[in-house]
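Source file: upload-v6.cif; contents: mmCIF, C-alpha atoms and all ligand atoms.
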data_run
loop_
_atom_site.label_atom_id
_atom_site.label_comp_id
_atom_site.auth_asym_id
_atom_site.auth_seq_id
_atom_site.Cartn_x
_atom_site.Cartn_y
_atom_site.Cartn_z
CA MET A 11 68.12 11.92 -68.89
CA ARG A 12 69.11 9.49 -66.17
CA LEU A 13 67.43 10.00 -62.78
CA ASP A 14 68.54 8.11 -59.68
CA VAL A 15 66.60 8.47 -56.43
CA VAL A 16 68.01 7.15 -53.15
CA SER A 17 65.52 6.76 -50.28
CA ILE A 18 64.74 4.54 -47.30
CA PHE A 19 61.16 4.52 -48.62
CA PRO A 20 61.58 3.63 -52.32
CA ASP A 21 57.87 2.81 -52.66
CA TYR A 22 57.18 6.49 -51.94
CA LEU A 23 58.52 7.20 -55.42
CA ALA A 24 56.00 4.88 -57.13
CA PRO A 25 53.99 7.89 -58.45
CA LEU A 26 56.94 8.60 -60.76
CA ARG A 27 55.73 5.63 -62.80
CA LEU A 28 52.38 7.30 -63.43
CA SER A 29 51.04 9.96 -65.80
CA LEU A 30 53.39 12.43 -67.46
CA VAL A 31 56.61 11.25 -65.78
CA GLY A 32 55.60 7.61 -66.18
CA LYS A 33 55.04 8.15 -69.90
CA ALA A 34 58.47 9.79 -70.15
CA VAL A 35 59.97 6.72 -68.48
CA ASP A 36 58.05 4.33 -70.74
CA SER A 37 59.16 6.24 -73.84
CA GLY A 38 62.80 6.19 -72.76
CA ILE A 39 63.08 9.96 -72.33
CA LEU A 40 63.73 9.33 -68.63
CA ASP A 41 65.89 6.50 -67.33
CA LEU A 42 64.50 6.31 -63.78
CA ARG A 43 66.27 4.19 -61.14
CA VAL A 44 65.02 4.15 -57.54
CA HIS A 45 67.30 2.73 -54.84
CA ASP A 46 66.84 1.71 -51.20
CA LEU A 47 69.54 3.35 -49.08
CA ARG A 48 69.43 0.34 -46.77
CA ASP A 49 71.02 -1.72 -49.57
CA TRP A 50 74.25 0.03 -48.52
CA THR A 51 74.05 -0.95 -44.86
CA HIS A 52 75.81 -4.01 -43.44
CA ASP A 53 74.34 -4.60 -40.01
CA ARG A 54 71.47 -6.92 -39.12
CA HIS A 55 69.10 -4.01 -38.53
CA ARG A 56 70.13 -2.19 -41.72
CA THR A 57 70.72 0.95 -39.63
CA VAL A 58 70.70 4.30 -41.46
CA ASP A 59 70.54 6.76 -38.54
CA ASP A 60 72.16 7.62 -35.25
CA THR A 61 71.97 10.23 -32.49
CA PRO A 62 73.16 13.76 -33.32
CA TYR A 63 76.58 14.95 -32.13
CA GLY A 64 76.04 17.92 -29.82
CA GLY A 65 72.78 16.44 -28.56
CA GLY A 66 69.27 17.52 -29.46
CA ALA A 67 66.10 15.79 -30.50
CA GLY A 68 65.74 13.28 -33.28
CA MET A 69 68.20 11.25 -35.29
CA VAL A 70 70.62 12.02 -38.11
CA MET A 71 71.19 9.90 -41.22
CA ARG A 72 74.59 8.20 -41.01
CA PRO A 73 77.14 9.17 -43.69
CA GLU A 74 78.46 5.67 -44.45
CA PRO A 75 75.47 4.30 -46.39
CA TRP A 76 75.22 7.54 -48.39
CA GLY A 77 78.93 7.48 -49.21
CA GLU A 78 78.70 3.89 -50.42
CA ALA A 79 75.55 4.65 -52.40
CA LEU A 80 77.21 7.58 -54.20
CA ASP A 81 80.35 5.52 -54.83
CA THR A 82 78.26 2.69 -56.31
CA LEU A 83 76.08 4.92 -58.49
CA ALA A 84 78.90 7.27 -59.57
CA PRO A 85 82.31 5.69 -58.95
CA PRO A 86 85.08 8.27 -58.48
CA GLY A 87 86.87 8.94 -61.76
CA GLY A 88 83.79 8.15 -63.85
CA ALA A 89 81.01 10.39 -65.09
CA GLN A 90 79.47 12.39 -62.28
CA PRO A 91 75.81 13.40 -61.81
CA ARG A 92 74.34 16.53 -60.26
CA PHE A 93 73.34 15.60 -56.72
CA VAL A 94 70.05 17.21 -55.57
CA VAL A 95 69.12 17.08 -51.89
CA PRO A 96 65.74 18.53 -50.85
CA THR A 97 65.97 20.21 -47.45
CA PRO A 98 64.16 23.07 -45.69
CA ALA A 99 67.63 24.59 -45.32
CA GLY A 100 68.17 24.68 -49.09
CA ARG A 101 68.02 27.47 -51.64
CA PRO A 102 64.58 28.02 -53.21
CA PHE A 103 63.56 25.60 -55.93
CA THR A 104 62.33 27.80 -58.79
CA GLN A 105 61.24 27.42 -62.40
CA ASP A 106 64.67 28.71 -63.42
CA LEU A 107 66.36 25.97 -61.40
CA ALA A 108 63.96 23.41 -62.89
CA ALA A 109 65.08 24.53 -66.34
CA GLU A 110 68.72 24.27 -65.28
CA LEU A 111 68.23 20.74 -63.98
CA ALA A 112 66.32 19.77 -67.14
CA ALA A 113 69.50 20.48 -69.11
CA GLU A 114 71.52 17.98 -67.07
CA PRO A 115 72.18 14.48 -68.47
CA TRP A 116 72.10 12.84 -65.02
CA LEU A 117 70.55 13.75 -61.69
CA VAL A 118 70.83 11.85 -58.41
CA PHE A 119 68.29 12.77 -55.74
CA GLY A 120 69.06 12.10 -52.08
CA CYS A 121 65.97 11.83 -49.85
CA GLY A 122 66.78 12.85 -46.31
CA ARG A 123 64.75 11.68 -43.35
CA TYR A 124 64.75 12.30 -39.56
CA GLU A 125 66.68 15.53 -38.78
CA GLY A 126 68.57 15.29 -42.04
CA ILE A 127 71.68 13.76 -43.60
CA ASP A 128 75.13 14.10 -41.96
CA GLN A 129 76.48 17.28 -43.61
CA ARG A 130 79.72 15.53 -44.55
CA VAL A 131 77.80 13.60 -47.22
CA VAL A 132 77.06 16.84 -49.11
CA GLU A 133 80.63 17.99 -48.55
CA TYR A 134 82.03 14.66 -49.81
CA ALA A 135 79.73 14.66 -52.84
CA GLY A 136 80.71 18.26 -53.57
CA SER A 137 84.34 17.16 -53.92
CA ARG A 138 83.47 15.45 -57.20
CA MET A 139 79.98 16.44 -58.36
CA ARG A 140 77.76 19.52 -58.37
CA VAL A 141 75.46 19.52 -55.33
CA ASP A 142 72.20 21.44 -54.87
CA GLU A 143 70.52 21.58 -51.49
CA VAL A 144 67.08 22.92 -52.45
CA SER A 145 63.89 23.84 -50.64
CA LEU A 146 60.34 23.81 -52.00
CA GLY A 147 59.27 26.41 -49.50
CA ASP A 148 59.43 27.61 -45.92
CA TYR A 149 57.96 24.52 -44.33
CA VAL A 150 59.27 21.16 -43.16
CA LEU A 151 58.32 17.80 -44.63
CA ALA A 152 58.87 14.45 -42.95
CA GLY A 153 61.40 13.61 -45.67
CA GLY A 154 62.71 14.48 -49.09
CA GLU A 155 60.59 12.01 -51.07
CA VAL A 156 57.59 14.29 -51.62
CA ALA A 157 59.91 17.12 -52.65
CA VAL A 158 61.61 14.81 -55.16
CA LEU A 159 58.22 13.96 -56.70
CA VAL A 160 57.60 17.69 -57.17
CA ILE A 161 61.05 18.48 -58.52
CA VAL A 162 61.07 15.52 -60.93
CA GLU A 163 57.69 16.51 -62.35
CA ALA A 164 58.74 20.16 -62.73
CA VAL A 165 61.93 19.07 -64.51
CA ALA A 166 60.49 16.23 -66.62
CA ARG A 167 57.74 18.38 -68.15
CA LEU A 168 60.42 20.67 -69.59
CA LEU A 169 62.14 17.85 -71.48
CA PRO A 170 61.57 17.72 -75.23
CA GLY A 171 58.90 15.19 -76.14
CA VAL A 172 57.30 14.99 -72.71
CA LEU A 173 54.51 17.55 -73.08
CA GLY A 174 52.05 16.94 -75.91
CA ASN A 175 52.06 20.63 -76.75
CA PRO A 176 55.35 22.36 -75.87
CA GLU A 177 53.63 25.67 -76.66
CA SER A 178 51.99 25.47 -73.24
CA LEU A 179 55.39 26.02 -71.68
CA THR A 180 55.64 29.49 -73.16
CA GLU A 181 52.77 31.21 -71.32
CA GLU A 182 52.60 29.44 -68.00
CA SER A 183 53.28 30.95 -64.61
CA HIS A 184 56.90 31.96 -64.08
CA SER A 185 57.87 31.25 -67.69
CA ALA A 186 58.23 35.00 -68.32
CA GLY A 187 58.63 36.08 -64.71
CA LEU A 188 54.89 36.66 -64.26
CA LEU A 189 52.02 34.58 -62.91
CA GLU A 190 49.79 33.06 -65.56
CA TYR A 191 46.61 34.86 -66.64
CA PRO A 192 43.22 33.29 -65.75
CA VAL A 193 41.92 30.67 -68.19
CA TYR A 194 38.38 29.81 -69.30
CA THR A 195 36.63 27.19 -71.44
CA LYS A 196 33.07 26.28 -72.48
CA PRO A 197 30.31 27.00 -71.59
CA ALA A 198 30.40 30.78 -72.22
CA THR A 199 28.00 31.20 -69.28
CA TRP A 200 28.22 29.04 -66.19
CA ARG A 201 26.10 29.59 -63.08
CA GLU A 202 25.43 33.16 -64.28
CA ARG A 203 29.16 33.81 -64.67
CA GLU A 204 30.32 35.00 -68.10
CA VAL A 205 33.65 34.39 -69.82
CA PRO A 206 35.38 37.79 -70.37
CA PRO A 207 33.92 38.96 -73.72
CA VAL A 208 37.35 39.80 -75.19
CA LEU A 209 38.15 36.07 -75.18
CA LEU A 210 35.14 35.43 -77.44
CA SER A 211 36.02 38.34 -79.78
CA GLY A 212 38.44 36.48 -82.04
CA HIS A 213 40.63 39.59 -81.91
CA HIS A 214 44.03 38.04 -81.20
CA GLY A 215 45.78 41.34 -80.49
CA GLN A 216 43.22 42.39 -77.90
CA ILE A 217 43.20 38.89 -76.39
CA ALA A 218 47.00 38.95 -76.04
CA ARG A 219 46.83 42.40 -74.44
CA TRP A 220 44.08 41.31 -72.01
CA ARG A 221 46.10 38.24 -71.02
CA ARG A 222 49.22 40.33 -70.42
CA ASP A 223 47.25 42.82 -68.32
CA GLU A 224 45.68 40.04 -66.26
CA ALA A 225 49.07 38.41 -65.70
CA LEU A 226 50.49 41.75 -64.54
CA ARG A 227 47.51 42.44 -62.26
CA ARG A 228 47.62 38.94 -60.75
CA THR A 229 51.37 39.15 -60.23
CA ALA A 230 51.13 42.62 -58.65
CA ARG A 231 48.42 41.40 -56.27
CA ARG A 232 49.83 38.00 -55.31
CA ARG A 233 53.57 38.17 -55.94
CA PRO A 234 54.82 41.79 -56.05
CA ASP A 235 58.27 40.35 -55.35
CA LEU A 236 58.30 38.82 -58.84
CA LEU A 237 57.56 42.21 -60.42
CA SER A 238 60.44 43.82 -58.57
CA ARG A 239 62.77 41.12 -59.97
CA LEU A 240 61.80 41.67 -63.61
CA PRO A 241 64.49 43.24 -65.82
CA ALA A 242 63.82 46.98 -66.25
CA ASP A 243 63.10 46.62 -69.97
CA GLU A 244 60.63 43.77 -69.43
CA LEU A 245 57.74 46.15 -68.66
CA ASP A 246 56.79 48.76 -71.24
CA ALA A 247 55.09 52.07 -70.39
CA ARG A 248 51.67 50.55 -70.91
CA ASP A 249 52.49 47.63 -68.63
CA ARG A 250 53.38 50.06 -65.86
CA ARG A 251 49.92 51.67 -66.13
CA VAL A 252 48.09 48.38 -65.53
N1 LIG B 301 60.86 22.48 -47.56
C1 LIG B 301 61.43 21.45 -48.22
O1 LIG B 301 61.71 21.48 -49.42
C2 LIG B 301 61.72 20.22 -47.45
C3 LIG B 301 62.44 19.12 -47.89
C4 LIG B 301 62.45 18.23 -46.82
N2 LIG B 301 61.77 18.81 -45.82
O2 LIG B 301 61.30 20.04 -46.19
#

As structure tokens:
Amino acid sequence: MRLDVVSIFPDYLAPLRLSLVGKAVDSGILDLRVHDLRDWTHDRHRTVDDTPYGGGAGMVMRPEPWGEALDTLAPPGGAQPRFVVPTPAGRPFTQDLAAELAAEPWLVFGCGRYEGIDQRVVEYAGSRMRVDEVSLGDYVLAGGEVAVLVIVEAVARLLPGVLGNPESLTEESHSAGLLEYPVYTKPATWREREVPPVLLSGHHGQIARWRRDEALRRTARRRPDLLSRLPADELDARDRRV
């Protein structure tokens, strides 16, 4: 997978060279290219923003540098990426969307700053590539860079060969529409707190049942909205009694 990130703070994306994502880059699973939007400006001050039409506080990112950046990275008529723009006004970024993006051969991330990017950039991009304006949650960041770090990690870990043990993808939060069950490791007793005995029983069927029950309980307590979204046949009669 090729990943391009366009930002006025390219150094903000340095963490993508570390740990899990960094290893994926080193191994060639990810072809990561980070670009400075100012490389597509032509004035002495390398200006990327201007005052908003209609007035109001703050500045808006000018469309010209973004248009030139997209034309350089993905010339019209050639292969086109999926353009992902983190914004508080976007649709929710979810595990399902992470899985969708992980199936793409090429993603370009646009990091907005100030009050955002001139909307015509998204409209222009949408005329020749798929565009996703996505939000990590109902809060506002100073820019898209931090959101891109989150999205890239969520996507990269789903790529074959990135996680040491792909099995861990099968029972994690949101993988089956539920929150993950609580996990424990040695010692069996820690500060007078015991590990649930069933986990020490060696009885795999009972352990699986306990984990399912705990995932259901945790989801019902913390995210009842997820339960209401589960397909009707996802919960059996026993599940409904938990
Ligand atoms: N909530 C968000 O994802 C976001 C992106 C940029 N600013 O906020």

Query raised in the report: Which residues come within 12 Å of A:Ser185, counting only C-alpha atoms, excluding same-chain residues fewer than 3 positions away, as a PyMOL selection string?
Result: chain A and resi 104-109+168+177-182+188-191+225+236+240

**Report entry** Within 7 Å of ligand LIG 301 (chain B) (all atoms listed in the file), residues as JSON, numbers by chain
**Finding:** {"A": [96, 97, 98, 122, 144, 145, 146, 147, 148, 149, 150, 151, 152, 153, 154, 157]}

Query raised in the report: Counting all atoms listed in the file, which of A:Arg92, A:Arg123, A:Arg222, A:His45 gets nearest to A:Met139?
Result: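 That would be A:Arg92, the residue with the smallest distance to A:Met139.
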
Query raised in the report: Just how far from atom CA of A:Asp14 is atom CA of A:Val35, in Å to one decimal?
Result: 12.4 Å

Query raised in the report: Any idea what the distance is between atom CA of A:Leu83 and atom CA of A:Arg138?
Result: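 Distance between the two atoms: 12.9 Å.
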
Listed atoms of stretch 67-81 of chain A, axis-aligned box, 8 Å per side: centre and edge lengths to one decimal in Å, as AutoDock Vina command-line options?
--center_x 73.0 --center_y 9.8 --center_z -42.7 --size_x 30.6 --size_y 27.9 --size_z 40.3

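The nearest approach to A:Asp49 among the residues A:Ala84, A:Val141, A:Ala242, A:Ala79, with only C-alpha atoms taken into account, belongs to A:Ala79.
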
Query raised in the report: Which of these, A:Pro85, A:Gly126, A:Pro192, A:Gly77, has the shortest distance to A:Arg228 once you count only C-alpha atoms?
Result: A:Pro192

Query raised in the report: Using all atoms listed in the file, which of the listed residues (A:Val252, A:Thr199, A:Pro207, A:Val172) sits closest to A:Lys33?
Result: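 Between A:Val252, A:Thr199, A:Pro207, A:Val172, the residue approaching A:Lys33 most closely is A:Val172.
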
**Report entry** Proximity to A:Val162 - best of A:Ser37, A:Leu42, A:Glu204, A:Pro176, only C-alpha atoms
**Finding:** A:Leu42

Query raised in the report: When you draw a straight line from atom CA of A:Val70 to atom CA of A:Asp21, how long is it in Å?
Result: 21.4 Å

Query - Of the listed residues A:Glu163, A:Leu80, A:Ser137, A:Asp249, that which approaches A:Arg219 most closely, counting only C-alpha atoms - result: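 Looking only at the distances to A:Arg219, the closest residue turns out to be A:Asp249.
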
Query raised in the report: Taking (57.3, 15.6, -62.7) in the file's coordinates as the center, which residues reach within 12 Å of it, counting only C-alpha atoms, put as a PyMOL selection string?
Result: chain A and resi 13+23+25-35+40+42+108+112+156-169+172-173

Report task. Write out as a list of chain:residue names the residues lying within 7 Å of A:Val131, counting all atoms listed in the file and excluding same-chain residues fewer than 4 positions away. Result ->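 Counting only the stated atoms, we get A:Pro73, A:Trp76, A:Gly77, A:Ala135.
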